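What follows is the content of entry11.txt (compact mmCIF, C-alpha atoms).
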# COMPACT_ATOMS: atom_id res chain seq x y z
CA MET R 11 -15.40 -28.02 8.33
CA GLN R 12 -14.68 -29.73 11.65
CA LYS R 13 -12.75 -27.41 13.96
CA VAL R 14 -10.40 -28.12 16.86
CA ARG R 15 -10.38 -25.60 19.70
CA LEU R 16 -6.88 -24.87 20.95
CA GLY R 17 -7.70 -22.28 23.60
CA PRO R 18 -6.21 -18.77 23.53
CA GLU R 19 -3.00 -19.00 21.51
CA THR R 20 -0.79 -16.56 19.59
CA LEU R 21 -1.44 -18.19 16.25
CA LEU R 22 -1.09 -16.40 12.94
CA TYR R 23 0.15 -17.38 9.46
CA PRO R 24 2.48 -16.23 8.10
CA MET R 25 4.68 -14.40 10.58
CA PRO R 26 7.85 -12.61 9.53
CA ALA R 27 11.19 -13.15 11.29
CA VAL R 28 12.82 -9.74 11.41
CA LEU R 29 15.79 -8.27 13.22
CA VAL R 30 14.93 -5.27 15.39
CA GLY R 31 17.97 -3.03 15.72
CA ALA R 32 18.74 -0.39 18.32
CA ILE R 33 21.68 1.22 20.07
CA VAL R 34 21.77 -0.24 23.59
CA ASP R 35 24.40 0.81 26.12
CA GLY R 36 26.34 2.50 23.36
CA ARG R 37 26.52 -0.33 20.86
CA PRO R 38 24.35 -1.85 18.14
CA ASN R 39 22.09 -4.69 19.25
CA PHE R 40 19.66 -6.88 17.34
CA MET R 41 16.77 -9.01 18.51
CA THR R 42 14.59 -11.33 16.47
CA ALA R 43 10.86 -10.61 16.31
CA ALA R 44 8.07 -12.53 14.62
CA TRP R 45 5.32 -10.30 15.98
CA CYS R 46 5.56 -7.38 13.62
CA GLY R 47 3.22 -5.71 11.13
CA ILE R 48 2.52 -2.44 9.38
CA ALA R 49 0.47 -0.05 11.55
CA CYS R 50 -0.48 2.92 9.40
CA ARG R 51 -0.25 4.45 5.92
CA LYS R 52 -0.15 8.17 6.84
CA PRO R 53 2.26 8.47 8.48
CA PRO R 54 3.86 5.22 7.34
CA ALA R 55 4.31 3.22 10.54
CA VAL R 56 5.23 -0.21 11.77
CA ALA R 57 4.25 -2.04 14.97
CA VAL R 58 6.36 -4.62 16.76
CA ALA R 59 5.54 -6.46 19.96
CA VAL R 60 8.47 -6.62 22.38
CA TYR R 61 8.66 -8.48 25.69
CA GLN R 62 8.91 -5.99 28.53
CA GLU R 63 12.23 -7.40 29.82
CA ARG R 64 14.00 -7.34 26.45
CA TYR R 65 17.43 -5.70 26.40
CA THR R 66 16.68 -4.10 23.04
CA LEU R 67 13.65 -2.32 24.51
CA LYS R 68 15.96 -0.36 26.81
CA GLY R 69 17.69 1.10 23.75
CA ILE R 70 14.41 1.77 21.96
CA ARG R 71 13.10 3.69 24.96
CA GLU R 72 16.31 5.69 25.37
CA LYS R 73 17.00 6.57 21.75
CA ARG R 74 13.33 6.68 20.67
CA ALA R 75 14.48 4.96 17.47
CA PHE R 76 14.84 1.45 16.06
CA SER R 77 15.22 -0.41 12.79
CA ILE R 78 13.31 -3.30 11.27
CA ASN R 79 15.55 -5.47 9.10
CA VAL R 80 14.04 -8.15 6.85
CA PRO R 81 16.53 -11.01 6.51
CA SER R 82 16.69 -13.46 3.63
CA THR R 83 16.55 -17.20 4.24
CA SER R 84 20.35 -17.42 3.89
CA MET R 85 20.54 -15.59 7.23
CA ALA R 86 18.31 -18.07 9.09
CA LYS R 87 21.02 -19.23 11.54
CA GLU R 88 22.10 -15.73 12.51
CA VAL R 89 18.47 -14.65 12.92
CA ASP R 90 17.79 -17.66 15.10
CA PHE R 91 20.86 -16.82 17.20
CA CYS R 92 19.51 -13.30 17.78
CA GLY R 93 16.24 -14.82 18.97
CA ILE R 94 17.87 -17.25 21.39
CA TYR R 95 20.48 -15.06 23.07
CA SER R 96 20.01 -11.69 24.74
CA GLY R 97 22.36 -8.80 24.07
CA ARG R 98 22.83 -8.69 27.85
CA ARG R 99 24.90 -11.87 27.60
CA LYS R 100 26.14 -11.88 24.00
CA ASP R 101 27.66 -8.93 22.20
CA LYS R 102 25.93 -8.91 18.81
CA SER R 103 27.49 -5.63 17.65
CA GLY R 104 29.98 -7.40 15.36
CA MET R 105 27.65 -10.04 13.91
CA PHE R 106 26.56 -8.03 10.90
CA ASP R 107 27.78 -5.27 8.65
CA THR R 108 25.75 -2.27 9.70
CA PHE R 109 25.01 1.16 8.34
CA ASP R 110 23.61 4.18 10.11
CA GLY R 111 20.20 5.72 9.63
CA SER R 112 20.06 8.87 7.54
CA ARG R 113 18.06 10.74 10.17
CA LEU R 114 18.10 8.69 13.37
CA GLU R 115 20.70 7.08 15.57
CA VAL R 116 19.85 3.53 14.63
CA PRO R 117 21.90 0.61 13.27
CA MET R 118 20.71 -1.24 10.19
CA VAL R 119 21.91 -4.59 8.86
CA SER R 120 23.52 -4.32 5.43
CA GLU R 121 23.01 -8.02 4.63
CA CYS R 122 19.24 -7.71 5.12
CA PRO R 123 17.58 -6.89 1.81
CA VAL R 124 15.02 -4.52 3.37
CA ASN R 125 15.59 -2.03 6.20
CA LEU R 126 13.16 0.37 7.83
CA GLU R 127 14.48 3.34 9.81
CA CYS R 128 11.91 4.11 12.50
CA ARG R 129 11.19 6.86 15.02
CA VAL R 130 9.17 5.81 18.07
CA MET R 131 5.66 7.28 18.01
CA GLN R 132 4.04 5.32 20.83
CA ILE R 133 4.87 2.47 23.17
CA VAL R 134 1.57 0.78 23.99
CA GLU R 135 1.32 -1.32 27.15
CA VAL R 136 -0.54 -4.57 26.48
CA GLY R 137 0.65 -7.08 29.09
CA SER R 138 3.81 -9.19 29.02
CA HIS R 139 4.65 -7.28 25.84
CA VAL R 140 4.50 -3.68 24.68
CA VAL R 141 3.63 -2.77 21.11
CA VAL R 142 6.19 -0.29 19.81
CA ILE R 143 4.72 1.82 17.03
CA GLY R 144 7.31 3.60 14.95
CA GLU R 145 7.08 6.05 12.09
CA ILE R 146 9.01 4.75 9.10
CA VAL R 147 11.22 7.68 8.10
CA GLU R 148 13.20 5.87 5.40
CA CYS R 149 13.25 2.49 3.60
CA TYR R 150 16.35 0.86 2.16
CA VAL R 151 16.33 -2.03 -0.29
CA SER R 152 19.38 -3.91 -1.57
CA GLU R 153 19.95 -3.00 -5.18
CA ASP R 154 20.03 -6.60 -6.38
CA CYS R 155 16.50 -7.12 -5.02
CA MET R 156 15.03 -4.34 -7.16
CA LYS R 157 13.33 -5.32 -10.41
CA GLU R 158 11.88 -2.73 -12.74
CA GLY R 159 12.07 -0.11 -10.01
CA ILE R 160 10.27 -2.03 -7.27
CA PRO R 161 11.39 -4.54 -4.65
CA ASP R 162 10.93 -8.12 -5.85
CA PRO R 163 9.67 -10.51 -3.15
CA MET R 164 11.35 -13.60 -4.63
CA GLU R 165 14.72 -11.80 -4.78
CA ILE R 166 14.25 -10.55 -1.21
CA ASN R 167 13.58 -14.19 -0.31
CA PRO R 168 12.32 -13.23 3.16
CA LEU R 169 12.56 -15.50 6.15
CA ILE R 170 9.13 -16.62 7.36
CA TYR R 171 8.32 -18.01 10.79
CA SER R 172 5.63 -20.57 11.54
CA PRO R 173 4.49 -20.89 15.16
CA LYS R 174 3.89 -24.23 16.92
CA THR R 175 6.07 -26.20 14.49
CA GLN R 176 8.64 -23.43 15.16
CA THR R 177 10.00 -23.67 11.66
CA TYR R 178 11.47 -21.12 9.29
CA HIS R 179 10.17 -21.11 5.74
CA LYS R 180 10.77 -19.66 2.32
CA LEU R 181 8.27 -17.57 0.42
CA GLY R 182 6.52 -19.69 -2.19
CA GLU R 183 5.33 -19.01 -5.70
CA SER R 184 2.80 -16.33 -6.62
CA VAL R 185 -0.82 -17.45 -6.84
CA GLY R 186 -2.36 -14.26 -8.19
CA LYS R 187 -2.45 -10.51 -8.48
CA ALA R 188 -4.04 -8.53 -5.65
CA PHE R 189 -6.76 -5.95 -6.31
CA HIS R 190 -7.41 -7.89 -9.49
CA ILE R 191 -8.29 -11.59 -9.14
CA GLY R 192 -11.23 -10.79 -6.88
CA LYS R 193 -13.01 -8.53 -9.34
CA GLY R 194 -15.02 -11.30 -10.98
CA VAL R 195 -16.21 -12.87 -7.73
CA LYS R 196 -19.92 -12.70 -6.96
CA GLY R 197 -20.28 -11.25 -3.49
CA MET G 20 25.64 -4.16 -0.26
CA GLN G 21 24.48 -1.24 -2.39
CA LYS G 22 21.16 0.12 -1.12
CA VAL G 23 18.37 1.99 -2.85
CA ARG G 24 16.46 4.52 -0.76
CA LEU G 25 12.72 4.39 -1.41
CA GLY G 26 11.59 7.04 1.05
CA PRO G 27 9.07 6.27 3.81
CA GLU G 28 7.08 3.23 2.65
CA THR G 29 4.96 0.55 4.31
CA LEU G 30 7.28 -2.25 3.31
CA LEU G 31 7.50 -5.57 5.16
CA TYR G 32 7.99 -9.20 4.12
CA PRO G 33 6.04 -11.37 4.51
CA MET G 34 2.61 -9.92 5.21
CA PRO G 35 -0.41 -12.13 5.85
CA ALA G 36 -3.70 -11.66 4.03
CA VAL G 37 -6.38 -12.30 6.62
CA LEU G 38 -10.11 -11.75 6.78
CA VAL G 39 -11.21 -9.55 9.67
CA GLY G 40 -14.76 -10.44 10.67
CA ALA G 41 -17.28 -8.40 12.62
CA ILE G 42 -21.02 -7.90 12.93
CA VAL G 43 -21.81 -4.60 11.22
CA ASP G 44 -25.35 -3.23 11.04
CA GLY G 45 -26.66 -6.58 12.20
CA ARG G 46 -24.90 -8.83 9.71
CA PRO G 47 -21.54 -10.53 9.30
CA ASN G 48 -18.98 -8.55 7.36
CA PHE G 49 -15.42 -9.36 6.34
CA MET G 50 -12.57 -7.11 5.26
CA THR G 51 -9.12 -8.14 4.06
CA ALA G 52 -6.11 -6.99 6.05
CA ALA G 53 -2.42 -7.46 5.40
CA TRP G 54 -1.32 -5.31 8.33
CA CYS G 55 -1.72 -7.74 11.15
CA GLY G 56 0.56 -9.28 13.76
CA ILE G 57 0.61 -10.82 17.21
CA ALA G 58 0.75 -8.17 19.97
CA CYS G 59 1.27 -9.97 23.27
CA ARG G 60 1.75 -13.37 24.92
CA LYS G 61 0.00 -12.69 28.26
CA PRO G 62 -2.77 -12.07 27.55
CA PRO G 63 -2.58 -13.56 24.06
CA ALA G 64 -3.39 -10.65 21.77
CA VAL G 65 -3.37 -9.68 18.12
CA ALA G 66 -3.00 -6.26 16.47
CA VAL G 67 -4.53 -5.23 13.17
CA ALA G 68 -4.27 -1.87 11.46
CA VAL G 69 -7.59 -0.66 10.06
CA TYR G 70 -8.25 2.45 7.96
CA GLN G 71 -10.37 4.89 9.94
CA GLU G 72 -13.17 4.96 7.35
CA ARG G 73 -13.55 1.19 7.08
CA TYR G 74 -17.07 -0.16 7.40
CA THR G 75 -15.83 -3.10 9.47
CA LEU G 76 -14.36 -0.72 12.06
CA LYS G 77 -17.87 0.49 12.86
CA GLY G 78 -18.82 -3.04 13.90
CA ILE G 79 -15.60 -3.56 15.82
CA ARG G 80 -16.22 -0.38 17.81
CA GLU G 81 -19.86 -1.24 18.49
CA LYS G 82 -19.49 -4.91 19.41
CA ARG G 83 -15.97 -4.60 20.90
CA ALA G 84 -15.23 -7.91 19.18
CA PHE G 85 -13.78 -9.20 15.91
CA SER G 86 -12.31 -12.30 14.34
CA ILE G 87 -9.08 -12.90 12.46
CA ASN G 88 -9.47 -15.62 9.84
CA VAL G 89 -6.42 -17.06 8.07
CA PRO G 90 -7.42 -18.15 4.56
CA SER G 91 -5.66 -20.77 2.48
CA THR G 92 -4.42 -19.97 -1.02
CA SER G 93 -7.49 -21.66 -2.52
CA MET G 94 -9.50 -18.70 -1.19
CA ALA G 95 -7.34 -16.04 -2.88
CA LYS G 96 -10.12 -14.68 -5.11
CA GLU G 97 -12.65 -14.33 -2.31
CA VAL G 98 -10.05 -12.69 -0.07
CA ASP G 99 -9.15 -10.28 -2.85
CA PHE G 100 -12.84 -9.47 -3.32
CA CYS G 101 -13.13 -8.60 0.38
CA GLY G 102 -10.18 -6.24 0.00
CA ILE G 103 -11.56 -4.47 -3.06
CA TYR G 104 -15.19 -3.94 -2.08
CA SER G 105 -16.59 -2.36 1.07
CA GLY G 106 -19.41 -3.95 3.00
CA ARG G 107 -21.19 -0.59 2.58
CA ARG G 108 -21.76 -1.44 -1.08
CA LYS G 109 -21.57 -5.24 -1.19
CA ASP G 110 -23.30 -7.61 1.17
CA LYS G 111 -20.63 -10.14 2.11
CA SER G 112 -22.75 -11.95 4.71
CA GLY G 113 -23.46 -14.89 2.41
CA MET G 114 -19.99 -15.28 0.89
CA PHE G 115 -18.70 -17.80 3.41
CA ASP G 116 -19.97 -20.46 5.76
CA THR G 117 -19.66 -18.88 9.17
CA PHE G 118 -19.77 -20.03 12.76
CA ASP G 119 -20.25 -18.02 15.92
CA GLY G 120 -17.71 -17.31 18.58
CA SER G 121 -17.97 -19.37 21.75
CA ARG G 122 -17.86 -16.27 23.97
CA LEU G 123 -18.27 -13.22 21.75
CA GLU G 124 -20.70 -12.02 19.14
CA VAL G 125 -18.36 -12.43 16.22
CA PRO G 126 -18.62 -14.30 12.90
CA MET G 127 -15.83 -16.65 11.86
CA VAL G 128 -15.20 -18.17 8.44
CA SER G 129 -15.49 -21.97 8.44
CA GLU G 130 -13.44 -22.37 5.24
CA CYS G 131 -10.46 -20.56 6.80
CA PRO G 132 -8.15 -23.10 8.45
CA VAL G 133 -7.34 -20.83 11.42
CA ASN G 134 -9.72 -18.51 13.28
CA LEU G 135 -9.05 -16.21 16.21
CA GLU G 136 -11.95 -14.98 18.35
CA CYS G 137 -10.96 -11.59 19.74
CA ARG G 138 -12.21 -9.11 22.31
CA VAL G 139 -11.16 -5.49 21.79
CA MET G 140 -8.64 -4.36 24.39
CA GLN G 141 -7.52 -1.05 22.88
CA ILE G 142 -8.04 0.97 19.73
CA VAL G 143 -4.88 3.00 19.24
CA GLU G 144 -5.02 6.12 17.08
CA VAL G 145 -1.99 6.32 14.78
CA GLY G 146 -3.02 8.44 11.77
CA SER G 147 -4.97 7.34 8.71
CA HIS G 148 -5.27 3.98 10.48
CA VAL G 149 -6.03 2.79 13.98
CA VAL G 150 -4.36 -0.26 15.47
CA VAL G 151 -7.00 -2.51 16.99
CA ILE G 152 -5.51 -4.67 19.73
CA GLY G 153 -7.66 -7.63 20.65
CA GLU G 154 -7.33 -10.32 23.28
CA ILE G 155 -7.49 -13.74 21.65
CA VAL G 156 -10.09 -15.61 23.69
CA GLU G 157 -10.20 -18.75 21.55
CA CYS G 158 -8.41 -20.30 18.55
CA TYR G 159 -10.00 -22.68 16.08
CA VAL G 160 -8.08 -24.82 13.60
CA SER G 161 -9.59 -27.02 10.89
CA GLU G 162 -9.15 -30.64 11.87
CA ASP G 163 -7.51 -31.62 8.58
CA CYS G 164 -4.74 -29.05 9.21
CA MET G 165 -3.72 -30.65 12.52
CA LYS G 166 -0.75 -33.02 12.48
CA GLU G 167 0.41 -34.79 15.63
CA GLY G 168 -1.66 -32.44 17.74
CA ILE G 169 -0.38 -29.15 16.35
CA PRO G 170 -1.37 -27.00 13.38
CA ASP G 171 0.73 -27.79 10.32
CA PRO G 172 1.73 -24.69 8.29
CA MET G 173 1.90 -26.54 4.96
CA GLU G 174 -1.60 -27.97 5.47
CA ILE G 175 -2.90 -24.54 6.48
CA ASN G 176 -1.33 -23.29 3.25
CA PRO G 177 -1.81 -19.64 4.27
CA LEU G 178 -2.25 -16.84 1.80
CA ILE G 179 0.69 -14.42 1.86
CA TYR G 180 0.68 -10.87 0.53
CA SER G 181 3.67 -9.08 -0.96
CA PRO G 182 3.49 -5.29 -1.19
CA LYS G 183 4.59 -3.27 -4.24
CA THR G 184 4.27 -6.23 -6.63
CA GLN G 185 0.82 -6.65 -5.00
CA THR G 186 0.96 -10.39 -5.40
CA TYR G 187 -0.39 -13.25 -3.33
CA HIS G 188 1.98 -16.10 -2.56
CA LYS G 189 2.14 -19.57 -1.11
CA LEU G 190 4.23 -20.54 1.89
CA GLY G 191 7.42 -22.25 0.75
CA GLU G 192 9.43 -25.13 2.13
CA SER G 193 10.97 -25.19 5.59
CA VAL G 194 14.58 -24.04 5.83
CA GLY G 195 15.25 -24.90 9.47
CA LYS G 196 14.08 -25.29 13.01
CA ALA G 197 13.74 -22.19 15.18
CA PHE G 198 15.39 -21.95 18.59
CA HIS G 199 17.76 -24.58 17.31
CA ILE G 200 19.73 -23.78 14.14
CA GLY G 201 21.21 -20.64 15.70
CA LYS G 202 22.78 -22.41 18.65
CA GLY G 203 26.09 -23.09 16.91
CA VAL G 204 26.55 -19.56 15.59
CA LYS G 205 29.41 -17.51 17.00
CA GLY G 206 28.00 -14.18 18.12
Could you render the structure as structure tokens?
Amino acid sequence: MQKVRLGPETLLYPMPAVLVGAIVDGRPNFMTAAWCGIACRKPPAVAVAVYQERYTLKGIREKRAFSINVPSTSMAKEVDFCGIYSGRRKDKSGMFDTFDGSRLEVPMVSECPVNLECRVMQIVEVGSHVVVIGEIVECYVSEDCMKEGIPDPMEINPLIYSPKTQTYHKLGESVGKAFHIGKGVKG
Amino acid sequence: MQKVRLGPETLLYPMPAVLVGAIVDGRPNFMTAAWCGIACRKPPAVAVAVYQERYTLKGIREKRAFSINVPSTSMAKEVDFCGIYSGRRKDKSGMFDTFDGSRLEVPMVSECPVNLECRVMQIVEVGSHVVVIGEIVECYVSEDCMKEGIPDPMEINPLIYSPKTQTYHKLGESVGKAFHIGKGVKG
């Protein structure tokens, strides 16, 4: 396969497009993040990269708590808004219906089908960004996205971000069952 | 929206399903990871959570280098294989066509449309897993996935992992342009 070298770039497929929630200066604020992944199983933890100057980071540092909210594609415009404008200039506290964490002082977005309530474990300095690692203390899933007792990815209909083209995408059809389809492969 | 509480769970949508490459005990090895995200813009960096006992982690620690390889959906079985079986028991060195990093001693998978060549910056202890943060020193994209000079997500056709249902998925259609569709929203 012929390869093109692009130099050092922040390229990964897919990326999520989540809303990171925190109380900043006394009110709920939400920023969009595409640089987010699970960090650990025990304790369950999530990692999100946040630009050092971000308004939301102030709240995360102060409250030592944040939320990760997975939006559905129907929320694409609002998510994009939260990625364009800083809470320093735009008050986002009334944009969404929110509910409070069960254990932490953190706002979560009701319209988002999946919400993670997170306690800050570590804030790792990397460069222009820090990686905030948070213990997931509780998960919330919208009832209509549950199917046979587990969250259904097609019902969640998560918003997906693609870098470079800078496009939002839907989740596509299933192509196989994990921990299963690879069993017959000859290594 | 009525919410169901699931307790602390490692839930996020979407997750990628990438192959993490490293030289372990003198030969190329590849493990599957769904817990991976970009960590920083300057320097460009990626973060991947790796279980402490993983064979691949031995090579990452020794060589201080690894690769992130984004497979297409046509590679779902091979990717699943690399997630089921450890390199301790199965020799994966011949499974893929590989090419060497331009600057680091790291194997990359030719069949994967996107490859990141990474130098270890930090290995962060979290719990059962460490988060390996690596500087991206070079990106490679298969020529047939480039469109008008940039990587095209539909041509890359990345493999996506959904937790709980444990299913692999395709990337779906675009639903809008980022940094654009949110401009008209009233905050």
Distance criterion (only C-alpha atoms): nearest to R:Glu183 out of G:Ile152, G:Ser147, G:Val23, G:Thr92:
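For R:Glu183, the nearest of the candidates is G:Thr92.
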Could you fit chain G onto chain R by least squares over every C-alpha atom, paired in order, and give me the moved chain as a compact mmCIF listing (two decimals) with C-alpha atoms, in the frame of the given file?
# COMPACT_ATOMS: atom_id res chain seq x y z
CA MET G 20 -15.38 -28.03 8.35
CA GLN G 21 -14.68 -29.73 11.67
CA LYS G 22 -12.74 -27.42 13.99
CA VAL G 23 -10.40 -28.11 16.87
CA ARG G 24 -10.39 -25.60 19.71
CA LEU G 25 -6.88 -24.85 20.96
CA GLY G 26 -7.72 -22.27 23.61
CA PRO G 27 -6.23 -18.76 23.53
CA GLU G 28 -3.01 -18.99 21.50
CA THR G 29 -0.80 -16.55 19.60
CA LEU G 30 -1.45 -18.19 16.26
CA LEU G 31 -1.10 -16.39 12.93
CA TYR G 32 0.15 -17.37 9.46
CA PRO G 33 2.48 -16.20 8.09
CA MET G 34 4.68 -14.39 10.58
CA PRO G 35 7.86 -12.60 9.53
CA ALA G 36 11.17 -13.14 11.28
CA VAL G 37 12.81 -9.73 11.40
CA LEU G 38 15.78 -8.27 13.21
CA VAL G 39 14.93 -5.28 15.39
CA GLY G 40 17.96 -3.03 15.71
CA ALA G 41 18.73 -0.40 18.33
CA ILE G 42 21.67 1.21 20.08
CA VAL G 43 21.77 -0.25 23.58
CA ASP G 44 24.40 0.79 26.12
CA GLY G 45 26.33 2.50 23.36
CA ARG G 46 26.49 -0.35 20.86
CA PRO G 47 24.34 -1.86 18.13
CA ASN G 48 22.10 -4.68 19.25
CA PHE G 49 19.67 -6.88 17.34
CA MET G 50 16.77 -9.01 18.53
CA THR G 51 14.58 -11.32 16.47
CA ALA G 52 10.87 -10.60 16.30
CA ALA G 53 8.08 -12.51 14.63
CA TRP G 54 5.32 -10.28 15.98
CA CYS G 55 5.55 -7.39 13.61
CA GLY G 56 3.22 -5.71 11.14
CA ILE G 57 2.52 -2.44 9.38
CA ALA G 58 0.47 -0.04 11.55
CA CYS G 59 -0.49 2.93 9.40
CA ARG G 60 -0.26 4.45 5.91
CA LYS G 61 -0.17 8.16 6.86
CA PRO G 62 2.26 8.47 8.48
CA PRO G 63 3.85 5.22 7.33
CA ALA G 64 4.31 3.24 10.53
CA VAL G 65 5.23 -0.21 11.76
CA ALA G 66 4.26 -2.04 14.96
CA VAL G 67 6.37 -4.62 16.75
CA ALA G 68 5.54 -6.46 19.95
CA VAL G 69 8.46 -6.63 22.37
CA TYR G 70 8.65 -8.49 25.68
CA GLN G 71 8.92 -6.00 28.53
CA GLU G 72 12.22 -7.41 29.81
CA ARG G 73 14.00 -7.35 26.45
CA TYR G 74 17.42 -5.72 26.40
CA THR G 75 16.67 -4.10 23.04
CA LEU G 76 13.64 -2.33 24.51
CA LYS G 77 15.96 -0.38 26.80
CA GLY G 78 17.68 1.10 23.75
CA ILE G 79 14.41 1.75 21.96
CA ARG G 80 13.10 3.69 24.97
CA GLU G 81 16.32 5.67 25.38
CA LYS G 82 17.00 6.56 21.75
CA ARG G 83 13.32 6.67 20.67
CA ALA G 84 14.47 4.95 17.48
CA PHE G 85 14.83 1.45 16.06
CA SER G 86 15.23 -0.40 12.79
CA ILE G 87 13.31 -3.29 11.27
CA ASN G 88 15.54 -5.46 9.10
CA VAL G 89 14.05 -8.14 6.85
CA PRO G 90 16.54 -11.01 6.50
CA SER G 91 16.69 -13.46 3.62
CA THR G 92 16.56 -17.20 4.24
CA SER G 93 20.35 -17.42 3.88
CA MET G 94 20.55 -15.59 7.23
CA ALA G 95 18.32 -18.07 9.10
CA LYS G 96 21.02 -19.21 11.54
CA GLU G 97 22.10 -15.71 12.51
CA VAL G 98 18.47 -14.63 12.92
CA ASP G 99 17.81 -17.65 15.10
CA PHE G 100 20.87 -16.80 17.19
CA CYS G 101 19.51 -13.29 17.77
CA GLY G 102 16.24 -14.81 18.97
CA ILE G 103 17.87 -17.25 21.38
CA TYR G 104 20.48 -15.06 23.06
CA SER G 105 20.01 -11.69 24.74
CA GLY G 106 22.35 -8.81 24.08
CA ARG G 107 22.82 -8.71 27.88
CA ARG G 108 24.91 -11.88 27.61
CA LYS G 109 26.15 -11.88 24.01
CA ASP G 110 27.67 -8.94 22.20
CA LYS G 111 25.94 -8.91 18.82
CA SER G 112 27.51 -5.64 17.65
CA GLY G 113 29.99 -7.39 15.36
CA MET G 114 27.66 -10.04 13.91
CA PHE G 115 26.57 -8.04 10.89
CA ASP G 116 27.80 -5.27 8.64
CA THR G 117 25.76 -2.28 9.70
CA PHE G 118 25.01 1.16 8.35
CA ASP G 119 23.59 4.19 10.11
CA GLY G 120 20.21 5.72 9.64
CA SER G 121 20.06 8.86 7.53
CA ARG G 122 18.07 10.75 10.18
CA LEU G 123 18.11 8.69 13.37
CA GLU G 124 20.69 7.07 15.57
CA VAL G 125 19.84 3.53 14.63
CA PRO G 126 21.91 0.62 13.27
CA MET G 127 20.70 -1.25 10.20
CA VAL G 128 21.91 -4.59 8.86
CA SER G 129 23.52 -4.31 5.42
CA GLU G 130 23.02 -8.01 4.62
CA CYS G 131 19.24 -7.71 5.12
CA PRO G 132 17.58 -6.89 1.79
CA VAL G 133 15.02 -4.52 3.36
CA ASN G 134 15.59 -2.03 6.19
CA LEU G 135 13.16 0.35 7.84
CA GLU G 136 14.47 3.33 9.81
CA CYS G 137 11.91 4.11 12.50
CA ARG G 138 11.19 6.84 15.02
CA VAL G 139 9.17 5.81 18.07
CA MET G 140 5.67 7.28 18.01
CA GLN G 141 4.04 5.31 20.83
CA ILE G 142 4.87 2.47 23.18
CA VAL G 143 1.58 0.79 24.01
CA GLU G 144 1.34 -1.32 27.16
CA VAL G 145 -0.54 -4.56 26.48
CA GLY G 146 0.64 -7.10 29.09
CA SER G 147 3.80 -9.20 29.02
CA HIS G 148 4.64 -7.28 25.84
CA VAL G 149 4.50 -3.69 24.68
CA VAL G 150 3.63 -2.76 21.12
CA VAL G 151 6.19 -0.29 19.82
CA ILE G 152 4.71 1.82 17.03
CA GLY G 153 7.31 3.59 14.95
CA GLU G 154 7.07 6.05 12.09
CA ILE G 155 9.01 4.74 9.11
CA VAL G 156 11.21 7.67 8.09
CA GLU G 157 13.19 5.86 5.40
CA CYS G 158 13.25 2.49 3.59
CA TYR G 159 16.35 0.87 2.15
CA VAL G 160 16.33 -2.03 -0.30
CA SER G 161 19.38 -3.92 -1.57
CA GLU G 162 19.95 -2.99 -5.19
CA ASP G 163 20.04 -6.60 -6.39
CA CYS G 164 16.50 -7.13 -5.02
CA MET G 165 15.04 -4.34 -7.16
CA LYS G 166 13.33 -5.33 -10.41
CA GLU G 167 11.86 -2.73 -12.75
CA GLY G 168 12.06 -0.13 -10.02
CA ILE G 169 10.26 -2.04 -7.28
CA PRO G 170 11.39 -4.55 -4.66
CA ASP G 171 10.93 -8.12 -5.87
CA PRO G 172 9.67 -10.51 -3.15
CA MET G 173 11.35 -13.59 -4.63
CA GLU G 174 14.72 -11.79 -4.78
CA ILE G 175 14.25 -10.54 -1.22
CA ASN G 176 13.58 -14.18 -0.32
CA PRO G 177 12.32 -13.22 3.16
CA LEU G 178 12.57 -15.50 6.15
CA ILE G 179 9.13 -16.61 7.36
CA TYR G 180 8.33 -18.01 10.79
CA SER G 181 5.63 -20.56 11.55
CA PRO G 182 4.50 -20.88 15.16
CA LYS G 183 3.90 -24.21 16.93
CA THR G 184 6.08 -26.19 14.50
CA GLN G 185 8.64 -23.41 15.17
CA THR G 186 10.00 -23.66 11.67
CA TYR G 187 11.47 -21.11 9.30
CA HIS G 188 10.17 -21.11 5.74
CA LYS G 189 10.77 -19.66 2.32
CA LEU G 190 8.26 -17.57 0.41
CA GLY G 191 6.52 -19.70 -2.20
CA GLU G 192 5.33 -19.00 -5.71
CA SER G 193 2.81 -16.33 -6.62
CA VAL G 194 -0.81 -17.46 -6.84
CA GLY G 195 -2.36 -14.26 -8.20
CA LYS G 196 -2.45 -10.53 -8.47
CA ALA G 197 -4.03 -8.53 -5.65
CA PHE G 198 -6.75 -5.95 -6.31
CA HIS G 199 -7.40 -7.87 -9.48
CA ILE G 200 -8.28 -11.57 -9.14
CA GLY G 201 -11.23 -10.80 -6.88
CA LYS G 202 -12.99 -8.53 -9.34
CA GLY G 203 -15.00 -11.31 -10.98
CA VAL G 204 -16.20 -12.87 -7.74
CA LYS G 205 -19.90 -12.68 -6.96
CA GLY G 206 -20.28 -11.28 -3.46
Measuring between all atoms listed in the file, which one of G:Thr75, G:Thr29, G:Asn88, G:Thr184 shows the shortest distance to G:Tyr159?
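Counting all atoms listed in the file, the residue closest to G:Tyr159 is G:Asn88.
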When you look at G:Phe198 with a cut-off of 9 Å (counting all atoms listed in the file), what residues show up, excluding the ones that are within fewer than 2 positions of it in the same chain? I need them as number ranges by chain.
R: 90-91, 93-94, 176-177; G: 196, 200-202
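Residue nearest chain G, chosen from R:Leu67, R:Met85, R:Ala32, R:Val116 and counting only C-alpha atoms: R:Met85.
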Using all atoms listed in the file, which residues sit within 6 Å of stretch 71-78 of chain R once same-chain residues fewer than 5 positions away are excluded, as number ranges by chain?
R: 29-32, 116, 125-130
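Here the question is which of G:Pro47, G:Gly113, G:Pro62, G:Pro35 gets nearest to G:Ile79 using all atoms listed in the file, and that residue is G:Pro47.
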Which residue, G:Val204, G:Lys109, G:Cys59, G:Ser193, has the smallest gap to G:Asp171 when you use only C-alpha atoms?
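Closest residue, counting only C-alpha atoms: G:Ser193.
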